[in-house]
Structure formats: structure tokens, C-alpha cells
There are 2 protein chains.
Amino acid sequence: MSHASSTNETHAPELRSFVESANLPQAEFPIQNLPFGVFRHGEDERVGAAIGDQVVDIHRLKELGLLDGQEAAATAARACAGPSLNPLMGLPAATVSVLRLALSRLLRDDCSRRDEVAKALLPQAEVTMLLPADVGDYTDFYCSIHHATNVGSMFRPDNPLMPNYKHLPVGYHGRSSSLVPSGTEVRRPQGQSKAPDAAAPSFGPSRLLDYELEVGFFVGQGNALGSPIPLDQAEEHIFGYCLVNDWSARDIQAWEYQPLGPFLAKSFATTVSPWVVTTEALAPYRVAAFERASDDPQPLPHLSASDNAQKGGLDLQLEAYLLTPQMRQQGLEPHRLSRGNFRHMYWTAAQMLTHHASAGCNLRPGDLMASGTVSGPEKDARGCLLEITWRGRDAIELPSGESRTFLQDGDEVVFRGYCEAPGAARIGFGECRGVILPAVS
Amino acid sequence: MSHASSTNETHAPELRSFVESANLPQAEFPIQNLPFGVFRHGEDERVGAAIGDQVVDIHRLKELGLLDGQEAAATAARACAGPSLNPLMGLPAATVSVLRLALSRLLRDDCSRRDEVAKALLPQAEVTMLLPADVGDYTDFYCSIHHATNVGSMFRPDNPLMPNYKHLPVGYHGRSSSLVPSGTEVRRPQGQSKAPDAAAPSFGPSRLLDYELEVGFFVGQGNALGSPIPLDQAEEHIFGYCLVNDWSARDIQAWEYQPLGPFLAKSFATTVSPWVVTTEALAPYRVAAFERASDDPQPLPHLSASDNAQKGGLDLQLEAYLLTPQMRQQGLEPHRLSRGNFRHMYWTAAQMLTHHASAGCNLRPGDLMASGTVSGPEKDARGCLLEITWRGRDAIELPSGESRTFLQDGDEVVFRGYCEAPGAARIGFGECRGVILPAVS
């Protein structure tokens with residue numbers, strides 16, 4: 001794998017920005033992060049980078065002459081003029097890295113051209129964040145063994161994990177048209193479902209609406225149809241990471257999913273956080289991959305690499321919050337439902353990507369993959385209500401005195417994610433949020 | 001539903017074109033058809049319509065002033081200037097219909113401007129046909145009850161059909177990146193599989209490579225996220241139909257597909273025929289939908305409409321052929337493997353589309369849906385080798401003296417489709433073909 005070295009200049013924890021909000025202890029977007037996203041400001045829709053509470057208009061930096069004399073950075077900046085990250089994602093990782101270094105240098109507190117750079121800054125409060133990419137294909141995996149075991153044991157107590165689970169990263173194709181950026185309201189779906197004791201199915205609003213806390217990653221440079229991607233090159237094809245809420249209608253899902261998998265239960269909306277944290281920015285937080293038990297099968301050779309085992313994991317802390325209309329009315333803060341970590345996934349992102357291309361499937365810049373629900377070994381690290389309430393058996397008590405098994409209209413779900421490591425800055429992923437609207441009548 | 005009336009001027013069987021090849025008895029593209037596709041000629045990539053052995057460059061017609069004074073036709077022609085049908089598909093069906101009528105009138109043998117029209121004609125032999133659309137999402141259904149019963153009975157003899165089968169059109173999301181136009185070579189995929197008696201899975205070239213004979217249809221105007229499409233409006237959202245080969249690696253599929261459905265076994269290539277036969281052109285061949293048995297459940301109200309029952313079916317004859325390298329060497333013709341008909345599908349295209357949007361999923365112009373393998377009630381109407389050879393048990397004998405259970409390298413699969421009806425012309429779909437290349441080493 002080609003993680004940028006952790007001594008990379010952009011990671012140094014002592015770096016500070018002249019954008020003061022980036023230097024606050026709990027800042028999600030300090031100068032060590034510099035995630036990319038797509039913003040709308042007036043008529044313009046362009047690629048920017050987050051710094052503190054500001055967004056840097058990268059194309060504007062170039063217009064201001066601040067990237068002159070740096071050919072690779074200028075090339076990358078030209079790819080930032082439009083309303084999606086796809087052109088930037090299609091460039092070599094090294095070219096994007098040069099742009100990121102240029103941004104880092106321009107935004108530091110010792111930058112001599114800070115007055116000029118400031119002309120390319122916009123308050124995040126004044127822009128609207130859009131989907132980061134025009135996603136050609138969206139793929140959803142199922143790579144938390146804790147989630148798969150929990151869910152499997154509800155439906156197949158004797159045999160929770162399928163025989164293939166420890167041999168390949170199970171995944172399926174999702175729907176790209178219904179990807180929406182964080183903040184988009186989510187209409188409760190209608191659909192067919194059948195209660196176990198009902199004679200026939202019925203059609204109506206989902207009664208078991210759930211969220212799924214997932215980590216997404218975007219494909220950078222792609223591969224040609226028929227040309228697999230070796231595991232030791234997989235990281236170079238991952239542009240960066242985001243948070244994903246794979247909203248799920250459990251009643252629709254249970255009825256429809258056999259034998260071809262989830263379909264309408266997950267294609268009414270999938271929420272994506274707007275800032276893509278680059279693979280390079282995440283280098284300091286890489287950890288060993290999931291430690292397999294001694295009686296677990298070793299991955300087949302094409303899914304094995306010592307570098308993947310040693311650094312394929314990512315220490316990414318994940319939190320899910322719920323805010324009900326009543327809580328909002330009472331002025332209560334969102335209630336934390338869970339806290340988990342991406343390092344507990346049975347398969348690494350690199351393994352997911354290499355598996356995906358192994359039969360010849362072509363991946364394109366901007367394609368999105370999501371990990372599947374991230375649940376950890378602990379009970380408070382479960383990433384969806386299905387698991388937290390154990391299929392509705394154990395209701396959650398909220399500070400408002402309310403309880404929940406599944407989501408009700410008006411409920412808001414918020415995800416947060418951040419990375420910390422010794423000798424490195426704390427960086428955040430921003431929010432992934434959505435409010436449930438009532439079903440159409 | 002809003003099928004164009006069968007008295008529509010463009011359907012009249014007595015119409016003839018000044019393009020003589022369109023008037024031959026077995027012509028696939030007589031003047032009553034006029035399917036749309038995307039061709040490459042030199043540097044140009046544009047939308048055209050097929051007439052006999054020629055393609056009409058629609059944008060060129062407009063440049064020649066042949067659509068002057070017809071505002072809707074000119075609008076539609078403007079949408080034909082680029083390398084995909086998506087802009088045309090996004091227009092109201094009525095606008096596309098006006099263009100089709102204009103094309104019909106310009107191509108008739110009594111057209112007074114035929115010398116000018118001829119300037120916009122190119123021999124099909126001189127152009128390369130591309131994918132008809134930039135497919136945002138590709139969805140594959142499973143709507144032949146004969147196919148589902150055959151396949152189900154191989155794997156679950158006691159219970160071949162899942163309980164949901166007769167209540168909703170079962171479908172799943174496919175991969176759009178690996179859609180390829182007819183004629184593209186198909187690389188044999190590698191992947192994980194596990195023989196029933198093997199202790200562990202292994203990775204290597206698929207040994208059970210199959211084709212699936214399917215009918216595809218493209219979405220015309222779409223719907224907003226959260227806004228279902230009523231069944232009585234569904235046909236207006238179907239731009240037209242094509243042939244689809246959903247190549248399938250049965251060994252990879254059997255190992256990977258539980259619990260989330262087919263994934264890599266079908267995403268190494270999916271072949272699409274280049275000419276899209278419009279819903280309007282197919283009006284004369286509409287027939288009653290599948291006749292449910294008296295003990296079959298009636299579809300729920302949102303999937304029921306008398307018009308759908310009476311005219312939701314399509315009498316589209318489908319044939320699959322095989323040509324092996326040895327047959328090619330011996331100068332033999334492709335061998336017909338099956339002959340089926342799209343009218344035997346348990347669910348209509350309109351029901352598939354309405355179901356797809358019923359939970360709020362947004363469909364976009366250019367989205368592709370495929371029917372699933374079209375198998376009929378007769379043994380010679382089975383649409384894939386898995387069924388024809390009954391999982392490899394009964395080899396096919398070929399005129400070359402060879403036999404086949406599944407596809408070998410160098411084998412070519414060709415699909416053809418055509419419609420006939422009393423008082424109507426015979427129209428064809430052209431070919432959907434592909435040759436198998438050896439796996440990467």
C-alpha cells in the first residue's frame with residue numbers, strides 16, 4: 001500500500017492556520033485535514049476544501065495566481081472548477097497530494113500571502129454543500145462481523161453467519177440516484193411488507209424505519225473493465241472517506257430481500273456527508289486490520305497482504321445521535337445512541353475494493369462504496385436500531401421521557417466521526433444528518 | 001396507460017421507405033420501427049434512427065433545414081446532437097412522438113425531399129454503435145415465473161418460488177459501469193467459488209459461465225425522489241426497449257449471493273443491443289398480461305390496472321444463438337438454443353417500473369431496467385444455459401459435433417428479437433452479441 005508517509009508535511013500536529021477557527025481544540029477541520037467537497041455559493045457550484053469554519057474556493061485560488069509555478073497543483077485546481085469531485089478524483093493520487101500540500105502552505109499562520117488567500121475563503125455558513133461526486137455506481141458492503149452476527153442471529157439463531165462471510169467481503173449494488181447530501185429531508189417510504197402472522201402482504205408506510213451508520217469511500221482513479229486491482233495497489237484507488245447513512249425500511253426489506261437482496265428498502269434515500277477526508281489525511285490513524293481468530297480462515301492470496309494486515313485498519317471513531325421533535329422543543333441536545341469504531345471491520349477498505357474489481361468489474365472515479373453498518377464488539381457500539389433495540393424488543397429511553405424502537409416522523413439522525421492518534425492532530429468528518437418526513441398520503 | 005393508438009400514422013403496414021433495404025420482407029428496421037441509437041462516425045458521436053441498413057443522422061436533418069417549422073420536432077432533434085439518448089429520453093413522450101412522425105414522413109417513398117434527406121443517411125456498416133444511454137442506474141428484475149421456478153427447483157426442490165414472488169416484481173440493483181454495447185468482447189471473470197464437496201473456496205476463472213436472455217427498457221422522463229409513479233402513468237415513463245445479455249458466472253454467484261444477492265457474478269459485463277425500439281413503435285404488438293391462475297394472488301391495488309392486464313404484455317419473440325470457434329471454422333451458422341416470448345413474463349414492464357418507484361426511489365432518464373431471464377413454459381423457451389442444460393446435467397449437442405454445458409472461450413452468443421402482429425409490419429430489435437475471451441492470466 002502507498003499510504004503517504006506519516007511524516008508527510010501536511011500532518012505535522014504543530015501546524016496552525018491563520019483561519020483561527022481551524023485551531024480550536026475540537027475543530028473538525030484543522031489544517032491537517034483539508035477535506036474536499038462541493039459547495040454552492042450563489043450561482044457557482046465548485047470544489048472547495050474545508051478549513052475551520054471556512055471553505056476555500058480552490059478554483060478562485062488559481063484565478064488569484066496563488067498556484068502559479070506549481071504545474072501539478074494548477075492541474076488539480078483546474079479539476080475543481082465544476083460541480084463534482086469526479087475530475088479531481090480521476091487524477092493520480094500524487095497530483096492531488098501536491099494540491100493538498102499547496103493548500104496547506106497557503107493556509108498556515110505563517111503564510112505571507114494570507115491576505116490574498118483570504119479572498120478565496122467563504123464562510124461555510126454561507127454556502128450549501130452538495131453531493132461530493134456524481135456517483136456512477138454505489139456499492140454497499142456488509143463488513144462488520146459484529147453487525148452481521150447480530151442481525152444473522154435474529155433471523156437464523158443457529159447459523160448467524162453465512163459460510164462465505166469470512167472468505168470474501170459480502171457486498172451488493174446499491175442505488176446511486178437516491179444518494180442525497182447531508183441535511184436533505186428523508187421521506188418515509190411506502191412499500192409491501194408482511195407480518196409473520198398475516199395471510200398476505202399489505203402496502204403502506206414503513207413501520208420499521210431504521211438508520212445504518214456506515215463509512216463510505218470514493219474511488220479515485222479507476223480500472224478498465226476486465227482488469228482487476230491488486231491489493232497492494234488498492235489504497236491508491238481510494239480518494240477519500242465520508243460518513244453514510246444507509247436508511248433502511250426493515251419491514252420492506254424482510255419481505256422483499258429473498259433471493260436477490262435488498263432493493264426498495266434501501267433505495268428511497270442514502271445520506272452522504274459532504275466532506276471527503278482524503279486517504280492521505282488519514283495516514284496517521286491507520287492501524288492493524290481486524291485480528292482474525294486462530295480458527296478463522298486466512299483470506300485467499302488475492303485478498304492477503306502484510307501491509308494490509310498491519311495498516312489496513314482505520315481508527316475512526318463513529319457516533320450516532322437522535323433528536324426527536326419533542327427533544328427539539330424542550331431544547332435538549334441530540335441523544336447519543338452509539339459510539340463505535342471503524343477499526344473493528346472484518347474486511348478493510350482495500351480488501352473491499354480489490355474484491356470488487358477481482359472479477360473484472362470496472363470502477364470509475366467518483367464511485368462510492370460503503371462499509372455496511374459499523375457495529376463493534378460492545379453493546380453500545382451497535383450502528384443501527386435493529387441491533388440496539390434487538391428488533392424492537394428493547395426500547396431506547398430518551399432524555400425527553402420518550403422511547404423509541406424505530407424512527408418516527410420528525411426524528412433527526414446525526415452521525416459524527418473523528419480520528420485521534422498520538423502525535424497527530426484530531427480531525428473530524430463533519431456531520432451526516434437527516435430528518436424523517438411523513439410518508440406521502 | 002397511454003399507448004399511442006394503433007391507428008397511429010407511423011404504424012400503417014402499407015408504408016414504404018425510399019431506403020429500399022427497409023422494405024425487404026425480413027428487414028428489422030422497416031419504416032414502422034425507427035428505433036433510436038447512438039452512432040460514432042469519424043469524430044462524431046450522435047443520436048440516429050435506424051432505417052433499413054442505414055442510420056439517419058437526426059441532428060444533420062435539422063442542420064439541413066428538414067425539420068424547420070416543426071417546433072417540437074426541432075426541440076427533439078436538438079437533443080440528438082450528443083453521444084447519448086439521455087437528453088431525448090428526458091423529453092415528454094409526446095415531443096419524441098412528433099420527431100418520430102417527422103422522421104417517418106421524411107423517409108417515405110413518396111417524400112418529395114428524399115434527395116435532401118439522403119444527405120443525412122449513413123450506411124450502418126460505416127458507423128460504430130455505442131451504448132444508447134449514459135445509464136445512471138441499472139436494475140435487473142426476475143420476472144419470468146418459468147425461469148424462477150426452474151432455477152428455484154434446482155436449488156430448493158420443495159419450495160422453488162419464494163413467498164414474495166407472486167406479490168411483487170423481485171428485482172435488484174445491477175452494475176451500470178460494466179454495461180457494454182453489442183459486439184464488445186467479454187472477458188471470462190475470475191472469482192471465488194466453492195464446490196459443494198470442497199473444504200474451502202478457491203479463486204480462479206469461472207467454470208460455469210452462462211448468458212441470460214433478457215429484455216431491457218430505458219426510463220424516459222423520471223420522477224422526483226419520494227414521488228411514486230402510478231401504474232396508469234408508468235408506460236409514459238418507458239422510452240423504449242432493447243435486448244440485454246446479463247452474463248452470469250454461476251459458480252461465483254452460488255458462493256457469493258447469500259444473503260445480499262448477486263454481485264461480482266454479474267458485474268464483469270452486461271451486453272446491451274444498440275437500438276432502442278420505442279414504446280410507441282411497439283403499440284401494435286401489445287397483448288394481455290400474463291394470465292394468473294385462479295389460485296394466484298391478485299396484485300395489490302398499486303400494481304393493478306385493467307389496462308395493464310389487457311395490454312401490459314408485449315408479444316416479442318426472442319431467440320438465442322451460439323456460435324463456437326469450431327463452428328465458425330467449419331462455416332456453420334449460429335445454432336439456435338432457444339426461442340421464447342416476452343409475453344410470458346409474470347409481471348409487466350409497467351408493473352416493474354411502478355414497483356421500483358413505489359417506495360420513493362427516483363428514476364432518471366436513461367436508467368435501464370432489465371426483465372430477468374425470459375423463459376417460457378416450453379422446454380425450448382429457456383433463456384439461459386443453467387436451465388437448458390439443467391445445471392450442466394444435459395449437454396447441448398451442436399451441429400459441429402461439439403457439446404456444451406456452459407460457455408467456453410471463443411464462444412459467441414447472439415440474441416435476436418422481433419415483433420409480428422396481424423395488420424402490422426414485422427419489426428426487429430437488431431442483435432445483441434458478444435464473444436467470450438479467456439480469463440486474465
# chains A, B, ... in the order shown; residues from 1 in each chain; ligands from 1
>>> closest_atom_pairs(of="chain B", to="chain A", cutoff="8 Å", atoms="only C-alpha atoms", output="tab-separated table")
residue	atom	partner	partner_atom	distance
B:Gly136	CA	A:Gly136	CA	6.3
B:Asp137	CA	A:Ser176	CA	6.5
B:Met162	CA	A:Gln258	CA	7.0
B:Asn164	CA	A:Glu256	CA	6.6
B:His167	CA	A:Pro201	CA	7.6
B:Val170	CA	A:Glu256	CA	7.0
B:Gly171	CA	A:Leu260	CA	6.7
B:Tyr172	CA	A:Phe263	CA	5.4
B:His173	CA	A:His173	CA	5.4
B:Gly174	CA	A:His173	CA	5.9
B:Arg175	CA	A:His173	CA	6.5
B:Ser176	CA	A:Asp137	CA	6.5
B:Ser177	CA	A:Asn362	CA	6.3
B:Ser178	CA	A:Asn362	CA	6.3
B:Arg187	CA	A:Gly226	CA	6.0
B:Pro189	CA	A:Ala359	CA	4.7
B:Gln190	CA	A:Ala359	CA	4.7
B:Gly191	CA	A:Ala359	CA	5.4
B:Pro201	CA	A:His167	CA	7.6
B:Ser202	CA	A:Leu300	CA	7.4
B:Phe203	CA	A:Leu300	CA	7.5
B:Leu225	CA	A:Ser178	CA	6.8
B:Gly226	CA	A:Arg187	CA	6.0
B:Ser227	CA	A:Val440	CA	7.8
B:Trp255	CA	A:Asn164	CA	6.6
B:Glu256	CA	A:Asn164	CA	6.6
B:Tyr257	CA	A:Leu260	CA	7.6
B:Gln258	CA	A:Met162	CA	7.0
B:Pro259	CA	A:Gly261	CA	6.5
B:Leu260	CA	A:Gly261	CA	4.1
B:Gly261	CA	A:Leu260	CA	4.1
B:Pro262	CA	A:Leu260	CA	6.5
B:Phe263	CA	A:Tyr172	CA	5.4
B:Leu264	CA	A:Ala359	CA	6.1
B:Ala265	CA	A:Ala359	CA	7.6
B:Ser267	CA	A:Cys361	CA	5.5
B:Phe268	CA	A:Cys361	CA	4.6
B:Ala269	CA	A:Cys361	CA	7.4
B:Leu300	CA	A:Ser202	CA	7.4
B:His356	CA	A:Leu264	CA	6.9
B:Ser358	CA	A:Gly191	CA	6.6
B:Ala359	CA	A:Pro189	CA	4.7
B:Gly360	CA	A:Phe268	CA	5.0
B:Cys361	CA	A:Phe268	CA	4.6
B:Asn362	CA	A:Ser178	CA	6.3
B:Leu363	CA	A:Ser177	CA	7.1
B:Arg364	CA	A:Ser177	CA	7.5
B:Val440	CA	A:Gly226	CA	7.7
>>> residues_around(residues="Arg343 of chain A", least_positions_apart="3", cutoff="8 Å", atoms="only C-alpha atoms", output="ChimeraX atom specification")
/A:287-290,313-316
>>> select_by_dssp(residues="segment 262-412 of chain B", states="helix (DSSP H, G or I)", output="VMD selection string")
chain B and resid 264 to 266 283 to 285 301 to 303 306 to 311 325 to 329 342 to 344 349 to 358 379 to 381 385 to 388
>>> select_by_dssp(residues="segment 69-307 of chain B", states="strand (DSSP E)", output="NGL selection string")
:B and (121-123 or 128-129 or 138-141 or 171-173 or 179-181 or 186-187 or 190-193 or 202-205 or 209-210 or 213-219 or 238-245 or 248-249 or 270-272 or 277-278 or 286-287)
>>> residues_around(residues="Val56 of chain B", least_positions_apart="2", cutoff="7 Å", atoms="only C-alpha atoms", output="ChimeraX atom specification")
/B:48-50,54,58,120-122
>>> write_last_selection(atoms="C-alpha atoms", output="PDB file, in the first residue's frame")
ATOM      1  CA  GLY B  48     -29.576   8.439 -35.017  1.00  0.00           C
ATOM      2  CA  ALA B  49     -32.536   6.349 -36.085  1.00  0.00           C
ATOM      3  CA  ALA B  50     -32.259   3.085 -37.990  1.00  0.00           C
ATOM      4  CA  GLN B  54     -28.916   2.970 -42.975  1.00  0.00           C
ATOM      5  CA  ILE B  58     -31.086  13.374 -36.846  1.00  0.00           C
ATOM      6  CA  ALA B 120     -28.352  12.688 -43.606  1.00  0.00           C
ATOM      7  CA  LEU B 121     -28.130   8.932 -44.220  1.00  0.00           C
ATOM      8  CA  LEU B 122     -25.089   6.835 -43.378  1.00  0.00           C
TER       9      LEU B 122
END
>>> residues_around(residues="Asp307 of chain A", least_positions_apart="2", cutoff="9 Å", atoms="only C-alpha atoms", output="list of chain:residue names")
A:Met1, A:Asp232, A:Ala288, A:Ser304, A:Ala305, A:Ala309, A:Gln310, A:Lys311, A:Gly312
>>> write_last_selection(atoms="C-alpha atoms", output="short mmCIF file (atom, residue, chain, number, x, y, z; two decimals), in the first residue's frame")
data_model
loop_
_atom_site.label_atom_id
_atom_site.label_comp_id
_atom_site.auth_asym_id
_atom_site.auth_seq_id
_atom_site.Cartn_x
_atom_site.Cartn_y
_atom_site.Cartn_z
CA MET A 1 0.00 0.00 0.00
CA ASP A 232 -1.12 -3.72 -2.86
CA ALA A 288 -3.73 -3.05 12.10
CA SER A 304 -3.89 -11.01 1.58
CA ALA A 305 -1.00 -8.59 2.02
CA ALA A 309 -2.84 -6.66 7.83
CA GLN A 310 -0.53 -4.16 9.52
CA LYS A 311 -2.06 -0.87 8.39
CA GLY A 312 -5.29 -1.67 6.56
#
